[in-house]
$ cat start08.tsv   # TSV, C-alpha atoms and all ligand atoms
chain	number	residue	atom	x	y	z
A	492	MET	CA	-10.93	3.69	-42.60
A	493	VAL	CA	-11.77	7.05	-41.10
A	494	LEU	CA	-9.05	9.06	-39.43
A	495	ARG	CA	-9.89	10.50	-36.06
A	496	SER	CA	-9.76	14.32	-36.06
A	497	GLU	CA	-6.73	16.20	-35.01
A	498	THR	CA	-7.48	19.19	-32.84
A	499	GLY	CA	-6.39	22.79	-32.75
A	500	GLU	CA	-7.43	25.81	-30.72
A	501	VAL	CA	-9.27	29.05	-31.30
A	502	GLU	CA	-8.84	31.49	-28.41
A	503	GLY	CA	-7.92	28.59	-26.15
A	504	VAL	CA	-10.96	26.51	-27.09
A	505	THR	CA	-10.29	23.07	-28.56
A	506	LEU	CA	-11.87	22.60	-31.98
A	507	THR	CA	-11.15	20.18	-34.81
A	508	LYS	CA	-8.19	21.18	-36.97
A	509	SER	CA	-10.45	21.43	-39.98
A	510	ILE	CA	-12.69	23.99	-38.27
A	511	CYS	CA	-9.63	25.92	-37.09
A	512	SER	CA	-8.43	26.03	-40.68
A	513	ILE	CA	-11.65	27.72	-41.87
A	514	TRP	CA	-12.20	29.74	-38.72
A	515	ASP	CA	-12.35	33.04	-40.64
A	516	GLN	CA	-15.30	31.72	-42.61
A	517	VAL	CA	-17.12	30.66	-39.46
A	518	TRP	CA	-16.40	33.92	-37.64
A	519	ASN	CA	-17.54	35.98	-40.64
A	520	PHE	CA	-20.75	34.02	-41.07
A	521	GLN	CA	-23.58	36.38	-42.02
A	522	ALA	CA	-26.60	35.79	-39.87
A	523	ARG	CA	-30.03	37.03	-40.88
A	524	PRO	CA	-32.41	38.68	-38.37
A	525	ASP	CA	-34.89	35.79	-38.54
A	526	ASP	CA	-32.27	33.08	-38.01
A	527	LEU	CA	-32.83	30.89	-34.98
A	528	LEU	CA	-29.71	29.48	-33.38
A	529	ILE	CA	-29.86	26.26	-31.34
A	530	ALA	CA	-26.77	26.29	-29.19
A	531	THR	CA	-25.59	23.55	-26.88
A	532	TYR	CA	-22.52	21.91	-25.48
A	533	ALA	CA	-22.23	18.70	-27.51
A	534	LYS	CA	-24.52	15.91	-26.26
A	535	ALA	CA	-26.70	18.21	-24.16
A	536	GLY	CA	-29.90	17.59	-26.13
A	537	THR	CA	-29.29	19.36	-29.43
A	538	THR	CA	-31.11	16.90	-31.68
A	539	TRP	CA	-34.06	16.69	-29.30
A	540	THR	CA	-34.40	20.47	-29.33
A	541	GLN	CA	-33.96	20.61	-33.11
A	542	GLU	CA	-36.77	18.09	-33.62
A	543	THR	CA	-38.99	19.97	-31.16
A	544	VAL	CA	-38.37	23.29	-32.91
A	545	ASP	CA	-39.02	21.77	-36.32
A	546	MET	CA	-42.26	20.15	-35.09
A	547	ILE	CA	-43.34	23.58	-33.87
A	548	GLN	CA	-42.34	25.28	-37.11
A	549	GLN	CA	-44.23	22.63	-39.11
A	550	ASN	CA	-47.26	22.93	-36.83
A	551	GLY	CA	-46.96	19.29	-35.74
A	552	ASP	CA	-46.88	17.87	-39.26
A	553	VAL	CA	-44.86	14.67	-38.86
A	554	GLU	CA	-44.51	14.06	-42.59
A	555	LYS	CA	-43.04	17.52	-43.15
A	556	CYS	CA	-40.56	16.93	-40.34
A	557	ARG	CA	-39.46	13.76	-42.12
A	558	ARG	CA	-38.67	15.67	-45.33
A	559	ALA	CA	-34.95	15.33	-44.62
A	560	THR	CA	-32.51	14.26	-41.96
A	561	ILE	CA	-32.04	16.57	-39.01
A	562	ALA	CA	-28.53	17.44	-40.23
A	563	LYS	CA	-29.93	18.63	-43.56
A	564	ARG	CA	-32.90	20.46	-42.06
A	565	HIS	CA	-30.68	22.50	-39.74
A	566	PRO	CA	-27.17	23.37	-40.92
A	567	PHE	CA	-24.40	22.89	-38.40
A	568	LEU	CA	-22.33	26.04	-38.25
A	569	ASP	CA	-19.20	24.47	-36.84
A	570	LEU	CA	-19.07	21.07	-38.51
A	571	PRO	CA	-15.79	20.35	-40.28
A	572	PRO	CA	-16.52	20.91	-43.98
A	573	ALA	CA	-15.29	17.55	-45.21
A	574	LYS	CA	-17.85	15.76	-43.10
A	575	ALA	CA	-20.76	18.08	-43.74
A	576	PRO	CA	-23.52	16.70	-45.95
A	577	VAL	CA	-23.30	19.96	-47.90
A	578	PRO	CA	-20.25	22.16	-48.24
A	579	HIS	CA	-19.90	24.60	-45.36
A	580	LYS	CA	-20.00	27.74	-47.47
A	581	SER	CA	-23.27	26.92	-49.11
A	582	LEU	CA	-24.84	25.19	-46.16
A	583	SER	CA	-26.87	28.09	-45.07
A	584	GLN	CA	-26.23	30.77	-47.64
A	585	THR	CA	-28.48	29.04	-50.13
A	586	MET	CA	-31.06	28.14	-47.56
A	587	PRO	CA	-34.27	30.17	-47.60
A	588	SER	CA	-35.26	32.09	-44.48
A	589	PRO	CA	-36.16	31.49	-41.77
A	590	ARG	CA	-33.17	29.29	-41.03
A	591	THR	CA	-32.59	27.23	-37.91
A	592	ILE	CA	-28.89	26.72	-37.33
A	593	LYS	CA	-27.11	24.40	-34.92
A	594	THR	CA	-23.91	25.24	-33.07
A	595	HIS	CA	-21.80	23.88	-30.22
A	596	LEU	CA	-19.68	27.01	-29.99
A	597	PRO	CA	-19.09	28.66	-26.63
A	598	VAL	CA	-20.77	32.05	-26.52
A	599	GLN	CA	-17.59	34.06	-27.07
A	600	LEU	CA	-16.95	32.27	-30.37
A	601	VAL	CA	-20.41	32.81	-31.85
A	602	PRO	CA	-20.07	34.86	-35.04
A	603	PRO	CA	-20.77	38.51	-34.14
A	604	SER	CA	-23.42	38.91	-36.85
A	605	PHE	CA	-25.83	36.82	-34.74
A	606	TRP	CA	-25.68	39.50	-32.05
A	607	LYS	CA	-25.74	42.38	-34.53
A	608	GLN	CA	-28.90	40.94	-36.07
A	609	ASN	CA	-30.40	40.34	-32.62
A	610	CYS	CA	-31.13	36.69	-33.49
A	611	LYS	CA	-33.02	34.47	-31.10
A	612	VAL	CA	-31.05	31.64	-29.51
A	613	ILE	CA	-32.26	28.54	-27.72
A	614	TYR	CA	-29.54	27.22	-25.45
A	615	VAL	CA	-29.87	23.80	-23.83
A	616	ALA	CA	-27.70	22.70	-20.94
A	617	ARG	CA	-27.38	19.23	-19.42
A	618	ASN	CA	-25.83	18.30	-16.10
A	619	ALA	CA	-22.11	17.73	-16.35
A	620	LYS	CA	-22.04	14.08	-15.38
A	621	ASP	CA	-24.66	12.84	-17.84
A	622	ASN	CA	-23.24	15.15	-20.49
A	623	LEU	CA	-19.81	13.64	-19.94
A	624	VAL	CA	-21.08	10.06	-20.12
A	625	SER	CA	-22.95	10.77	-23.35
A	626	TYR	CA	-19.89	12.51	-24.82
A	627	TYR	CA	-17.66	9.57	-23.92
A	628	HIS	CA	-19.89	7.06	-25.69
A	629	PHE	CA	-20.23	9.40	-28.66
A	630	HIS	CA	-16.43	9.53	-28.98
A	631	ARG	CA	-16.39	5.75	-28.99
A	632	MET	CA	-18.94	5.42	-31.78
A	633	ASN	CA	-17.98	8.46	-33.88
A	634	LYS	CA	-14.67	7.67	-35.53
A	635	ALA	CA	-14.21	11.25	-36.70
A	636	LEU	CA	-13.78	12.49	-33.14
A	637	PRO	CA	-10.52	12.23	-31.23
A	638	ASP	CA	-9.91	8.92	-29.48
A	639	PRO	CA	-11.51	9.23	-26.01
A	640	GLY	CA	-8.98	6.93	-24.34
A	641	THR	CA	-10.26	5.07	-21.31
A	642	TRP	CA	-13.26	6.25	-19.30
A	643	GLU	CA	-10.87	7.38	-16.57
A	644	GLU	CA	-8.80	9.34	-19.10
A	645	PHE	CA	-11.84	10.92	-20.66
A	646	ILE	CA	-13.10	12.18	-17.29
A	647	GLU	CA	-9.75	13.93	-16.85
A	648	LYS	CA	-9.92	15.48	-20.33
A	649	PHE	CA	-13.44	16.69	-19.66
A	650	MET	CA	-12.46	18.21	-16.32
A	651	THR	CA	-9.55	20.09	-17.84
A	652	GLY	CA	-11.68	21.22	-20.80
A	653	LYS	CA	-9.33	19.62	-23.30
A	654	VAL	CA	-12.16	18.16	-25.33
A	655	LEU	CA	-13.83	19.35	-28.52
A	656	TRP	CA	-15.70	22.63	-28.06
A	657	GLY	CA	-13.77	23.25	-24.88
A	658	SER	CA	-14.72	23.36	-21.25
A	659	TRP	CA	-18.28	22.33	-20.37
A	660	TYR	CA	-18.02	24.54	-17.28
A	661	ASP	CA	-17.11	27.67	-19.25
A	662	HIS	CA	-19.70	26.85	-21.90
A	663	VAL	CA	-22.74	26.62	-19.60
A	664	LYS	CA	-21.56	29.59	-17.50
A	665	GLY	CA	-20.77	31.76	-20.50
A	666	TRP	CA	-24.17	31.25	-22.09
A	667	TRP	CA	-25.87	31.71	-18.70
A	668	LYS	CA	-24.31	35.16	-18.39
A	669	ALA	CA	-25.09	36.06	-21.99
A	670	LYS	CA	-28.80	35.43	-21.56
A	671	ASP	CA	-29.15	38.72	-19.70
A	672	LYS	CA	-27.83	40.65	-22.70
A	673	HIS	CA	-29.33	38.82	-25.67
A	674	ARG	CA	-32.52	37.06	-26.76
A	675	ILE	CA	-31.58	33.68	-25.31
A	676	LEU	CA	-33.96	31.04	-24.00
A	677	TYR	CA	-31.90	28.93	-21.58
A	678	LEU	CA	-33.33	25.44	-21.12
A	679	PHE	CA	-32.27	22.36	-19.19
A	680	TYR	CA	-32.27	18.77	-20.45
A	681	GLU	CA	-33.51	17.61	-17.06
A	682	ASP	CA	-36.55	19.92	-17.19
A	683	MET	CA	-37.33	18.73	-20.73
A	684	LYS	CA	-37.22	15.16	-19.50
A	685	GLU	CA	-39.33	15.84	-16.42
A	686	ASN	CA	-42.00	17.94	-18.06
A	687	PRO	CA	-41.67	18.08	-21.85
A	688	GLU	CA	-44.98	19.85	-22.36
A	689	GLN	CA	-44.00	22.69	-20.06
A	690	GLU	CA	-40.64	23.17	-21.81
A	691	ILE	CA	-42.26	23.02	-25.25
A	692	GLN	CA	-44.61	25.77	-24.07
A	693	LYS	CA	-41.57	27.88	-23.20
A	694	ILE	CA	-40.20	27.37	-26.72
A	695	LEU	CA	-43.59	28.23	-28.24
A	696	LYS	CA	-43.76	31.46	-26.30
A	697	PHE	CA	-40.17	32.35	-27.18
A	698	LEU	CA	-40.85	31.73	-30.87
A	699	GLU	CA	-44.14	33.62	-30.62
A	700	LYS	CA	-46.03	30.61	-31.91
A	701	ASP	CA	-49.28	29.08	-30.83
A	702	VAL	CA	-50.56	25.54	-31.33
A	703	ASN	CA	-53.72	23.82	-30.13
A	704	GLN	CA	-53.66	21.05	-27.52
A	705	GLU	CA	-53.92	18.32	-30.14
A	706	VAL	CA	-50.81	19.59	-31.94
A	707	LEU	CA	-49.01	20.06	-28.65
A	708	ASN	CA	-49.73	16.42	-27.72
A	709	LYS	CA	-48.39	15.35	-31.10
A	710	ILE	CA	-45.19	17.31	-30.55
A	711	VAL	CA	-44.69	15.82	-27.08
A	712	HIS	CA	-45.22	12.32	-28.48
A	713	ASN	CA	-43.01	12.64	-31.54
A	714	THR	CA	-40.13	14.23	-29.66
A	715	SER	CA	-40.05	11.54	-26.99
A	716	PHE	CA	-36.86	9.50	-26.80
A	717	GLU	CA	-38.66	6.29	-27.78
A	718	ILE	CA	-40.09	7.76	-30.98
A	719	MET	CA	-36.97	9.70	-31.94
A	720	LYS	CA	-34.80	6.63	-31.44
A	721	GLU	CA	-36.78	4.87	-34.18
A	722	ASN	CA	-36.98	7.92	-36.46
A	723	PRO	CA	-34.32	7.58	-39.20
A	724	MET	CA	-34.63	11.29	-39.94
A	725	ALA	CA	-33.59	12.12	-36.38
A	726	ASN	CA	-31.43	9.24	-35.17
A	727	TYR	CA	-28.40	9.75	-37.44
A	728	THR	CA	-28.61	6.31	-39.06
A	729	ARG	CA	-29.30	7.75	-42.55
A	730	GLU	CA	-25.98	9.53	-42.96
A	731	PHE	CA	-22.47	9.65	-41.53
A	732	GLN	CA	-22.47	5.85	-41.85
A	733	ALA	CA	-18.75	5.89	-42.52
A	734	ILE	CA	-17.99	7.61	-39.24
A	735	MET	CA	-20.75	6.63	-36.82
A	736	ASP	CA	-20.92	3.03	-35.67
A	737	HIS	CA	-24.22	2.61	-33.85
A	738	SER	CA	-23.33	-0.97	-32.96
A	739	ILE	CA	-20.63	0.39	-30.63
A	740	SER	CA	-23.07	2.84	-29.05
A	741	PRO	CA	-26.20	4.19	-30.72
A	742	PHE	CA	-26.57	7.94	-31.22
A	743	MET	CA	-29.90	7.62	-29.39
A	744	ARG	CA	-28.27	5.80	-26.54
A	745	LYS	CA	-30.31	6.05	-23.31
A	746	GLY	CA	-31.83	9.51	-23.24
A	747	ALA	CA	-31.98	9.49	-19.46
A	748	VAL	CA	-31.13	11.60	-16.43
A	749	GLY	CA	-28.83	9.89	-13.94
A	750	ASP	CA	-27.10	7.33	-16.16
A	751	TRP	CA	-23.82	8.72	-14.78
A	752	LYS	CA	-24.42	6.54	-11.72
A	753	ASN	CA	-23.74	3.50	-13.89
A	754	HIS	CA	-20.35	4.90	-14.89
A	755	PHE	CA	-18.64	6.80	-12.08
A	756	THR	CA	-16.87	4.90	-9.34
A	757	VAL	CA	-17.22	6.34	-5.83
A	758	ALA	CA	-13.68	7.74	-6.05
A	759	GLN	CA	-14.23	9.27	-9.49
A	760	ASN	CA	-17.45	10.85	-8.29
A	761	LYS	CA	-15.81	12.36	-5.23
A	762	LYS	CA	-12.99	13.85	-7.25
A	763	PHE	CA	-15.37	15.15	-9.89
A	764	ASP	CA	-17.65	16.79	-7.28
A	765	GLU	CA	-14.75	18.52	-5.53
A	766	ASP	CA	-13.46	19.93	-8.79
A	767	TYR	CA	-16.98	20.86	-9.91
A	768	LYS	CA	-17.57	22.92	-6.77
A	769	LYS	CA	-14.49	25.01	-7.50
A	770	LYS	CA	-15.24	25.50	-11.17
A	771	MET	CA	-18.89	26.41	-10.57
A	772	ALA	CA	-18.37	28.61	-7.49
A	773	ASP	CA	-18.73	31.80	-9.51
A	774	THR	CA	-22.16	31.16	-11.02
A	775	SER	CA	-25.78	31.04	-9.90
A	776	LEU	CA	-26.39	28.13	-12.28
A	777	VAL	CA	-27.75	25.01	-10.62
A	778	PHE	CA	-28.10	21.61	-12.26
A	779	ARG	CA	-30.03	18.52	-11.28
A	780	THR	CA	-28.20	15.22	-11.64
A	781	GLU	CA	-31.25	13.09	-10.91
A	782	LEU	CA	-34.99	13.44	-11.14
B	1	LIG	S1	-24.97	16.12	-30.69
B	1	LIG	O1	-24.15	15.11	-31.40
B	1	LIG	O2	-24.13	17.01	-29.88
B	1	LIG	O3	-25.85	16.87	-31.57
B	1	LIG	O4	-25.83	15.26	-29.65
B	1	LIG	P1	-27.11	15.78	-28.87
B	1	LIG	O5	-28.29	15.64	-29.70
B	1	LIG	O6	-26.83	17.09	-28.23
B	1	LIG	O7	-27.17	14.76	-27.66
B	1	LIG	C1	-27.44	13.39	-27.79
B	1	LIG	C2	-27.99	12.92	-26.46
B	1	LIG	O8	-29.35	13.37	-26.35
B	1	LIG	C3	-30.18	12.21	-26.19
B	1	LIG	N1	-31.48	12.44	-26.81
B	1	LIG	C4	-32.64	12.48	-26.11
B	1	LIG	N2	-32.88	12.37	-24.79
B	1	LIG	C5	-34.17	12.44	-24.40
B	1	LIG	N3	-35.20	12.59	-25.25
B	1	LIG	C6	-35.00	12.70	-26.58
B	1	LIG	N4	-36.04	12.84	-27.41
B	1	LIG	C7	-33.68	12.65	-27.07
B	1	LIG	N5	-33.10	12.71	-28.29
B	1	LIG	C8	-31.78	12.58	-28.12
B	1	LIG	C9	-29.38	11.10	-26.85
B	1	LIG	O9	-29.87	9.84	-26.49
B	1	LIG	C10	-28.00	11.42	-26.31
B	1	LIG	O10	-27.89	11.19	-24.91
B	1	LIG	P2	-27.40	9.79	-24.26
B	1	LIG	O11	-27.28	10.07	-22.79
B	1	LIG	O12	-26.09	9.46	-24.88
B	1	LIG	O13	-28.47	8.80	-24.56

$ encode --input "start08.tsv" --output "structure tokens" --more "lines below"
Ligand code: PPS
Amino acid sequence: MVLRSETGEVEGVTLTKSICSIWDQVWNFQARPDDLLIATYAKAGTTWTQETVDMIQQNGDVEKCRRATIAKRHPFLDLPPAKAPVPHKSLSQTMPSPRTIKTHLPVQLVPPSFWKQNCKVIYVARNAKDNLVSYYHFHRMNKALPDPGTWEEFIEKFMTGKVLWGSWYDHVKGWWKAKDKHRILYLFYEDMKENPEQEIQKILKFLEKDVNQEVLNKIVHNTSFEIMKENPMANYTREFQAIMDHSISPFMRKGAVGDWKNHFTVAQNKKFDEDYKKKMADTSLVFRTEL
């Protein structure tokens, strides 16, 4: 029986208690100049981006990308240590460069050494409604996360930002602002879905890599939802078996834009939109909620 995480706060941002308890270690993490950080709000397309980046780094070699699970290929900076496949301290210190590291931290909580070392960051954002739906189902299936309550209750928690990794609104806005100061490639889940080749090209350019058309086609194919859903090295079925129950809701659930329409009632949607307008009034960021 797995106990659902208790939560704490770091600078007003909700994190698991276990991460709060080792916050000094996270904050003092020593980045290296050639580290690549993949940053997202949880459920915004992290794994998809990780697989894409790895395919690029391995020049489209599918076998090499299947050398280990995605969680082992790319250490997760802010995963509670007890649940990490390798202890937090060693997770990236022993890893040879260049490292690709995953985080869900809001920009203000990213360890300062990443900025000091001028590391590249790929940030992926997903529209709030689909992000929320995905997060809700993930809370249902991942018994290490706090209990989501009912759908109605979870919408409220999401709107007030009292969910793990804090407010979605502050997260996407904070990173959006930061991109003008740091080496950040800001991508959107919806664009990746609409035109994966074009978004992969953006990543290639950002990473200063070049691949031929044949390799590019291979990357597009192998990072599609349908292929990744069946890939045990990317779909989270190989580890975390004690905490993730894919029979409740698979990690690779729908991989779609607009699934929120199957969840929100008309009243919930109206309330959400009104609140959204207020929270997003101070940003130039625009999201698409359908394609
Ligand atoms: S996590 O736990 O935060 O790392 O989750 P994350 O990977 O960010 O998000 C999981 C959602 O991304 C979907 N996904 C994809 N969509 C489209 N194409 C591909 N290749 C892909 N891979 C993962 C996954 O299905 C989750 O979204 P939902 O809406 O729940 O299906």

$ axis_aligned_box --input "start08.tsv" --around "ligand LIG 1 (chain B)" --padding-each-side "8 Å" --output "AutoDock Vina command-line options"
--center_x -30.1 --center_y 12.9 --center_z -27.2 --size_x 27.9 --size_y 24.3 --size_z 24.8

$ residues_near_ligand --input "start08.tsv" --ligand "ligand LIG 1 (chain B)" --cutoff "8 Å" --atoms "only C-alpha atoms and all ligand atoms" --output "PyMOL selection string"
chain A and resi 531-540+595+621-622+624-626+628-629+680+683-684+714-720+726+741-748+750

$ closest_residue --input "start08.tsv" --among "A:Leu776, A:Ile529, A:Ala619, A:Ile613" --to "Gly652 (chain A)" --atoms "all atoms listed in the file"
A:Ala619

$ closest_residue --input "start08.tsv" --among "A:Arg523, A:Arg779, A:Lys709, A:His737" --to "Asn550 (chain A)" --atoms "all atoms listed in the file"
A:Lys709

$ closest_residue --input "start08.tsv" --among "A:Tyr767, A:Leu636, A:Thr560, A:Tyr614" --to "Lys670 (chain A)" --atoms "all atoms listed in the file"
A:Tyr614

$ residues_around --input "start08.tsv" --residues "Ile710 (chain A)" --least-positions-apart "3" --cutoff "10 Å" --atoms "all atoms listed in the file" --output "list in words"
Glu542, Thr543, Val544, Asp545, Met546, Ile547, Asn550, Gly551, Asp552, Val553, Pro687, Glu688, Ile691, Val702, Gln704, Glu705, Val706, Leu707, Asn713, Thr714 and Ser715 of chain A

$ write_last_selection --input "start08.tsv" --atoms "C-alpha atoms" --output "PDB file, in the frame of the given file"
ATOM      1  CA  GLU A 542     -36.770  18.090 -33.620  1.00  0.00           C
ATOM      2  CA  THR A 543     -38.990  19.970 -31.160  1.00  0.00           C
ATOM      3  CA  VAL A 544     -38.370  23.290 -32.910  1.00  0.00           C
ATOM      4  CA  ASP A 545     -39.020  21.770 -36.320  1.00  0.00           C
ATOM      5  CA  MET A 546     -42.260  20.150 -35.090  1.00  0.00           C
ATOM      6  CA  ILE A 547     -43.340  23.580 -33.870  1.00  0.00           C
ATOM      7  CA  ASN A 550     -47.260  22.930 -36.830  1.00  0.00           C
ATOM      8  CA  GLY A 551     -46.960  19.290 -35.740  1.00  0.00           C
ATOM      9  CA  ASP A 552     -46.880  17.870 -39.260  1.00  0.00           C
ATOM     10  CA  VAL A 553     -44.860  14.670 -38.860  1.00  0.00           C
ATOM     11  CA  PRO A 687     -41.670  18.080 -21.850  1.00  0.00           C
ATOM     12  CA  GLU A 688     -44.980  19.850 -22.360  1.00  0.00           C
ATOM     13  CA  ILE A 691     -42.260  23.020 -25.250  1.00  0.00           C
ATOM     14  CA  VAL A 702     -50.560  25.540 -31.330  1.00  0.00           C
ATOM     15  CA  GLN A 704     -53.660  21.050 -27.520  1.00  0.00           C
ATOM     16  CA  GLU A 705     -53.920  18.320 -30.140  1.00  0.00           C
ATOM     17  CA  VAL A 706     -50.810  19.590 -31.940  1.00  0.00           C
ATOM     18  CA  LEU A 707     -49.010  20.060 -28.650  1.00  0.00           C
ATOM     19  CA  ASN A 713     -43.010  12.640 -31.540  1.00  0.00           C
ATOM     20  CA  THR A 714     -40.130  14.230 -29.660  1.00  0.00           C
ATOM     21  CA  SER A 715     -40.050  11.540 -26.990  1.00  0.00           C
TER      22      SER A 715
END

$ closest_residue --input "start08.tsv" --among "A:Gln516, A:Thr585, A:Gln759, A:Gln521" --to "Asp569 (chain A)" --atoms "only C-alpha atoms"
A:Gln516

$ atom_distance --input "start08.tsv" --atom1 "CA of Asp526 (chain A)" --atom2 "CA of Val612 (chain A)"
8.7 Å

$ residues_around --input "start08.tsv" --residues "Cys511 (chain A)" --least-positions-apart "6" --cutoff "10 Å" --atoms "only C-alpha atoms" --output "number ranges by chain"
A: 498-501, 505, 517, 569, 571

$ decode --input "start08.tsv" --residues "region 514-533 of chain A" --atoms "N, CA, C and O atoms" --output "CSV table (one decimal), in the first residue's frame"
chain,number,residue,atom,x,y,z
A,514,TRP,N,15.2,20.4,0.2
A,514,TRP,CA,15.2,21.6,-0.7
A,514,TRP,C,16.6,22.2,-0.9
A,514,TRP,O,16.9,22.6,-2.0
A,515,ASP,N,17.3,22.2,0.2
A,515,ASP,CA,18.7,22.8,0.1
A,515,ASP,C,19.5,22.0,-1.0
A,515,ASP,O,20.3,22.7,-1.7
A,516,GLN,N,19.4,20.7,-1.0
A,516,GLN,CA,20.1,19.9,-2.0
A,516,GLN,C,19.7,20.3,-3.4
A,516,GLN,O,20.5,20.4,-4.3
A,517,VAL,N,18.4,20.4,-3.6
A,517,VAL,CA,17.9,20.8,-4.9
A,517,VAL,C,18.4,22.2,-5.3
A,517,VAL,O,19.0,22.4,-6.4
A,518,TRP,N,18.2,23.1,-4.4
A,518,TRP,CA,18.6,24.5,-4.7
A,518,TRP,C,20.1,24.6,-5.0
A,518,TRP,O,20.5,25.4,-5.8
A,519,ASN,N,20.9,23.8,-4.3
A,519,ASN,CA,22.4,23.9,-4.5
A,519,ASN,C,22.9,22.9,-5.6
A,519,ASN,O,24.1,22.7,-5.7
A,520,PHE,N,22.0,22.4,-6.3
A,520,PHE,CA,22.4,21.5,-7.4
A,520,PHE,C,23.4,22.2,-8.3
A,520,PHE,O,23.2,23.4,-8.7
A,521,GLN,N,24.5,21.5,-8.7
A,521,GLN,CA,25.5,22.1,-9.5
A,521,GLN,C,25.3,21.7,-11.0
A,521,GLN,O,25.6,20.6,-11.4
A,522,ALA,N,24.8,22.6,-11.7
A,522,ALA,CA,24.7,22.4,-13.1
A,522,ALA,C,26.0,22.5,-13.9
A,522,ALA,O,26.9,23.2,-13.3
A,523,ARG,N,26.1,21.9,-15.0
A,523,ARG,CA,27.3,22.0,-15.8
A,523,ARG,C,26.9,22.8,-17.1
A,523,ARG,O,25.7,22.7,-17.5
A,524,PRO,N,27.8,23.5,-17.7
A,524,PRO,CA,27.5,24.3,-18.9
A,524,PRO,C,26.8,23.6,-20.0
A,524,PRO,O,26.0,24.2,-20.7
A,525,ASP,N,27.1,22.3,-20.2
A,525,ASP,CA,26.5,21.6,-21.3
A,525,ASP,C,25.3,20.8,-20.9
A,525,ASP,O,24.8,19.9,-21.6
A,526,ASP,N,24.7,21.0,-19.7
A,526,ASP,CA,23.5,20.4,-19.3
A,526,ASP,C,22.3,21.0,-20.1
A,526,ASP,O,22.3,22.2,-20.4
A,527,LEU,N,21.4,20.1,-20.5
A,527,LEU,CA,20.2,20.6,-21.1
A,527,LEU,C,19.0,20.4,-20.1
A,527,LEU,O,18.9,19.2,-19.6
A,528,LEU,N,18.3,21.4,-19.9
A,528,LEU,CA,17.1,21.2,-18.9
A,528,LEU,C,15.8,21.2,-19.7
A,528,LEU,O,15.6,22.0,-20.6
A,529,ILE,N,15.0,20.2,-19.5
A,529,ILE,CA,13.7,20.1,-20.1
A,529,ILE,C,12.7,20.5,-19.0
A,529,ILE,O,12.6,19.7,-18.0
A,530,ALA,N,12.1,21.6,-19.1
A,530,ALA,CA,11.2,22.2,-18.0
A,530,ALA,C,9.8,22.2,-18.5
A,530,ALA,O,9.5,22.6,-19.6
A,531,THR,N,8.9,21.8,-17.7
A,531,THR,CA,7.5,21.8,-18.0
A,531,THR,C,6.7,21.9,-16.7
A,531,THR,O,7.1,21.6,-15.7
A,532,TYR,N,5.4,22.4,-16.9
A,532,TYR,CA,4.4,22.1,-15.8
A,532,TYR,C,4.1,20.7,-16.0
A,532,TYR,O,4.0,20.2,-17.1
A,533,ALA,N,3.8,19.9,-14.9
A,533,ALA,CA,3.6,18.5,-15.0
A,533,ALA,C,2.4,18.2,-16.0
A,533,ALA,O,1.4,19.0,-16.0
